[in-house]
Amino acid sequence: MKVKRRIRIIIVIAVIITTFTNFCICYGKQFFDKLDLAINWSINIPMPQNSTTIFAFDFKEGQDFKIWTLNEKSIKKIIKNPLWNEINNSNIKDINNKCLKFSNLLDEKEQEKYKSAVGMDVLNVKTGQYFLYKSQKNKPDNYIFLILDKDRNKVYYMLNIF
């Protein structure tokens, strides 16, 4: 009896480990990006279909730039979220300045990667896109800046930590 019970326990543990490993392989990067936003910035977005990290800081300070691909259903959820604002004629200049400020903080190697990923020196935003900008109260230079390009089904993730 004890042998059968041990075998069952071993099988259950093996199934749990296999399931967890498969989840991490298939969804790990996207899941941890989503979890990072929720924990560190109190921002909840649907899990991206794909997450590409263009560059990320390795130490206590620096910049992250990621590009997430979303499906139509996720984009509709984001647009309905009150934290996200539509880019219009009255705020587009400020948004472009924030994009320029972010790109100016990058070192030469990061700027090359940024330019390669975006296709230009600075991310070009247009009216009709959506954005979310959130900074830390005690450190306004620490911020997260998200741009939703609904035409391309992409979210551009810009993080600055000092």
# chains A, B, ... in the order shown; residues from 1 in each chain; ligands from 1
call {"tool": "residues_around", "arguments": {"residues": "region 93-99 of chain A", "least_positions_apart": "2", "cutoff": "12 Å", "atoms": "only C-alpha atoms", "output": "count of residues only"}}
result
41
call {"tool": "residues_around", "arguments": {"residues": "Ala117 (chain A)", "least_positions_apart": "6", "cutoff": "12 Å", "atoms": "only C-alpha atoms", "output": "mmCIF file with C-alpha atoms, in the first residue's frame"}}
result
data_model
loop_
_atom_site.group_PDB
_atom_site.id
_atom_site.type_symbol
_atom_site.label_atom_id
_atom_site.label_comp_id
_atom_site.auth_asym_id
_atom_site.auth_seq_id
_atom_site.Cartn_x
_atom_site.Cartn_y
_atom_site.Cartn_z
ATOM 1 C CA THR A 52 10.251 41.381 -27.216
ATOM 2 C CA THR A 53 12.815 43.008 -24.950
ATOM 3 C CA ILE A 54 14.893 45.401 -27.038
ATOM 4 C CA PHE A 55 17.076 46.338 -24.063
ATOM 5 C CA PHE A 65 12.360 49.183 -23.867
ATOM 6 C CA LYS A 66 10.024 46.365 -24.831
ATOM 7 C CA ILE A 67 7.516 45.801 -27.586
ATOM 8 C CA TRP A 68 4.447 43.733 -26.852
ATOM 9 C CA GLU A 110 20.741 51.341 -26.666
ATOM 10 C CA GLN A 111 19.961 54.078 -29.209
ATOM 11 C CA LEU A 123 9.031 56.789 -31.590
ATOM 12 C CA TYR A 156 5.692 50.155 -26.678
#
call {"tool": "residues_around", "arguments": {"residues": "Thr69 (chain A)", "least_positions_apart": "6", "cutoff": "12 Å", "atoms": "only C-alpha atoms", "output": "list in words"}}
result
Gln30, Pro46, Met47, Pro48, Gln49, Asn50, Ser51, Thr52, Thr53, Ile75, Ile147, Leu148, Asp149, Lys150, Asp151, Arg152, Asn153, Lys154, Val155, Tyr156 and Tyr157 of chain A
call {"tool": "write_last_selection", "arguments": {"atoms": "N, CA and C atoms", "output": "PDB file, in the first residue's frame"}}
result
ATOM      1  N   GLN A  30       5.910  36.757 -21.147  1.00  0.00           N
ATOM      2  CA  GLN A  30       4.740  37.627 -21.154  1.00  0.00           C
ATOM      3  C   GLN A  30       4.113  37.702 -19.766  1.00  0.00           C
ATOM      4  N   PRO A  46      -4.041  43.068 -20.197  1.00  0.00           N
ATOM      5  CA  PRO A  46      -4.124  41.670 -20.631  1.00  0.00           C
ATOM      6  C   PRO A  46      -2.728  41.150 -20.993  1.00  0.00           C
ATOM      7  N   MET A  47      -2.543  39.857 -20.866  1.00  0.00           N
ATOM      8  CA  MET A  47      -1.236  39.271 -21.157  1.00  0.00           C
ATOM      9  C   MET A  47      -0.935  39.388 -22.652  1.00  0.00           C
ATOM     10  N   PRO A  48       0.245  39.902 -22.994  1.00  0.00           N
ATOM     11  CA  PRO A  48       0.609  40.019 -24.405  1.00  0.00           C
ATOM     12  C   PRO A  48       0.766  38.647 -25.059  1.00  0.00           C
ATOM     13  N   GLN A  49       0.530  38.613 -26.360  1.00  0.00           N
ATOM     14  CA  GLN A  49       0.773  37.384 -27.114  1.00  0.00           C
ATOM     15  C   GLN A  49       2.267  37.150 -27.271  1.00  0.00           C
ATOM     16  N   ASN A  50       2.995  38.250 -27.412  1.00  0.00           N
ATOM     17  CA  ASN A  50       4.436  38.164 -27.605  1.00  0.00           C
ATOM     18  C   ASN A  50       5.090  39.350 -26.912  1.00  0.00           C
ATOM     19  N   SER A  51       6.249  39.128 -26.345  1.00  0.00           N
ATOM     20  CA  SER A  51       7.000  40.180 -25.680  1.00  0.00           C
ATOM     21  C   SER A  51       8.432  40.147 -26.189  1.00  0.00           C
ATOM     22  N   THR A  52       8.883  41.272 -26.727  1.00  0.00           N
ATOM     23  CA  THR A  52      10.251  41.381 -27.216  1.00  0.00           C
ATOM     24  C   THR A  52      10.970  42.444 -26.404  1.00  0.00           C
ATOM     25  N   THR A  53      12.012  42.051 -25.709  1.00  0.00           N
ATOM     26  CA  THR A  53      12.815  43.008 -24.950  1.00  0.00           C
ATOM     27  C   THR A  53      13.925  43.509 -25.863  1.00  0.00           C
ATOM     28  N   ILE A  75      -6.649  44.698 -26.972  1.00  0.00           N
ATOM     29  CA  ILE A  75      -6.596  46.124 -27.297  1.00  0.00           C
ATOM     30  C   ILE A  75      -7.889  46.812 -26.886  1.00  0.00           C
ATOM     31  N   ILE A 147       2.825  53.178 -24.846  1.00  0.00           N
ATOM     32  CA  ILE A 147       2.124  53.695 -26.023  1.00  0.00           C
ATOM     33  C   ILE A 147       1.454  52.516 -26.712  1.00  0.00           C
ATOM     34  N   LEU A 148       0.148  52.624 -26.928  1.00  0.00           N
ATOM     35  CA  LEU A 148      -0.605  51.588 -27.640  1.00  0.00           C
ATOM     36  C   LEU A 148      -0.792  52.025 -29.084  1.00  0.00           C
ATOM     37  N   ASP A 149      -0.215  51.276 -29.998  1.00  0.00           N
ATOM     38  CA  ASP A 149      -0.416  51.498 -31.427  1.00  0.00           C
ATOM     39  C   ASP A 149      -1.430  50.453 -31.882  1.00  0.00           C
ATOM     40  N   LYS A 150      -2.693  50.859 -31.899  1.00  0.00           N
ATOM     41  CA  LYS A 150      -3.750  49.887 -32.196  1.00  0.00           C
ATOM     42  C   LYS A 150      -3.751  49.451 -33.659  1.00  0.00           C
ATOM     43  N   ASP A 151      -3.142  50.241 -34.552  1.00  0.00           N
ATOM     44  CA  ASP A 151      -3.050  49.843 -35.956  1.00  0.00           C
ATOM     45  C   ASP A 151      -2.093  48.664 -36.143  1.00  0.00           C
ATOM     46  N   ARG A 152      -1.049  48.620 -35.335  1.00  0.00           N
ATOM     47  CA  ARG A 152      -0.053  47.549 -35.432  1.00  0.00           C
ATOM     48  C   ARG A 152      -0.221  46.488 -34.348  1.00  0.00           C
ATOM     49  N   ASN A 153      -1.206  46.666 -33.467  1.00  0.00           N
ATOM     50  CA  ASN A 153      -1.446  45.744 -32.339  1.00  0.00           C
ATOM     51  C   ASN A 153      -0.219  45.630 -31.435  1.00  0.00           C
ATOM     52  N   LYS A 154       0.410  46.764 -31.167  1.00  0.00           N
ATOM     53  CA  LYS A 154       1.629  46.783 -30.363  1.00  0.00           C
ATOM     54  C   LYS A 154       1.498  47.761 -29.202  1.00  0.00           C
ATOM     55  N   VAL A 155       2.194  47.412 -28.108  1.00  0.00           N
ATOM     56  CA  VAL A 155       2.387  48.342 -27.000  1.00  0.00           C
ATOM     57  C   VAL A 155       3.885  48.542 -26.865  1.00  0.00           C
ATOM     58  N   TYR A 156       4.292  49.808 -26.881  1.00  0.00           N
ATOM     59  CA  TYR A 156       5.692  50.155 -26.678  1.00  0.00           C
ATOM     60  C   TYR A 156       5.868  50.499 -25.206  1.00  0.00           C
ATOM     61  N   TYR A 157       6.759  49.795 -24.558  1.00  0.00           N
ATOM     62  CA  TYR A 157       6.977  49.872 -23.113  1.00  0.00           C
ATOM     63  C   TYR A 157       8.304  50.579 -22.875  1.00  0.00           C
TER      64      TYR A 157
END
call {"tool": "select_by_dssp", "arguments": {"residues": "chain A", "states": "helix (DSSP H, G or I)", "output": "number ranges by chain"}}
result
A: 2-41, 72-80, 92-105, 108-118
call {"tool": "select_by_dssp", "arguments": {"residues": "chain A", "states": "strand (DSSP E or B)", "output": "PyMOL selection string"}}
result
chain A and resi 50-55+62-69+85-86+130-135+143-149+154-161
call {"tool": "atom_distance", "arguments": {"atom1": "CA of Ile79 (chain A)", "atom2": "CA of Gln63 (chain A)"}}
result
25.6 Å
call {"tool": "atom_distance", "arguments": {"atom1": "CA of Asp107 (chain A)", "atom2": "CA of Ile45 (chain A)"}}
result
29.2 Å
call {"tool": "residues_around", "arguments": {"residues": "Gly62 (chain A)", "least_positions_apart": "6", "cutoff": "8 Å", "atoms": "only C-alpha atoms", "output": "short mmCIF file (atom, residue, chain, number, x, y, z; two decimals) with C-alpha atoms, in the first residue's frame"}}
result
data_model
loop_
_atom_site.label_atom_id
_atom_site.label_comp_id
_atom_site.auth_asym_id
_atom_site.auth_seq_id
_atom_site.Cartn_x
_atom_site.Cartn_y
_atom_site.Cartn_z
CA ALA A 56 16.84 46.26 -20.28
CA ASN A 160 13.17 54.77 -16.74
CA ILE A 161 14.60 54.16 -13.25
CA PHE A 162 17.12 56.41 -11.47
#
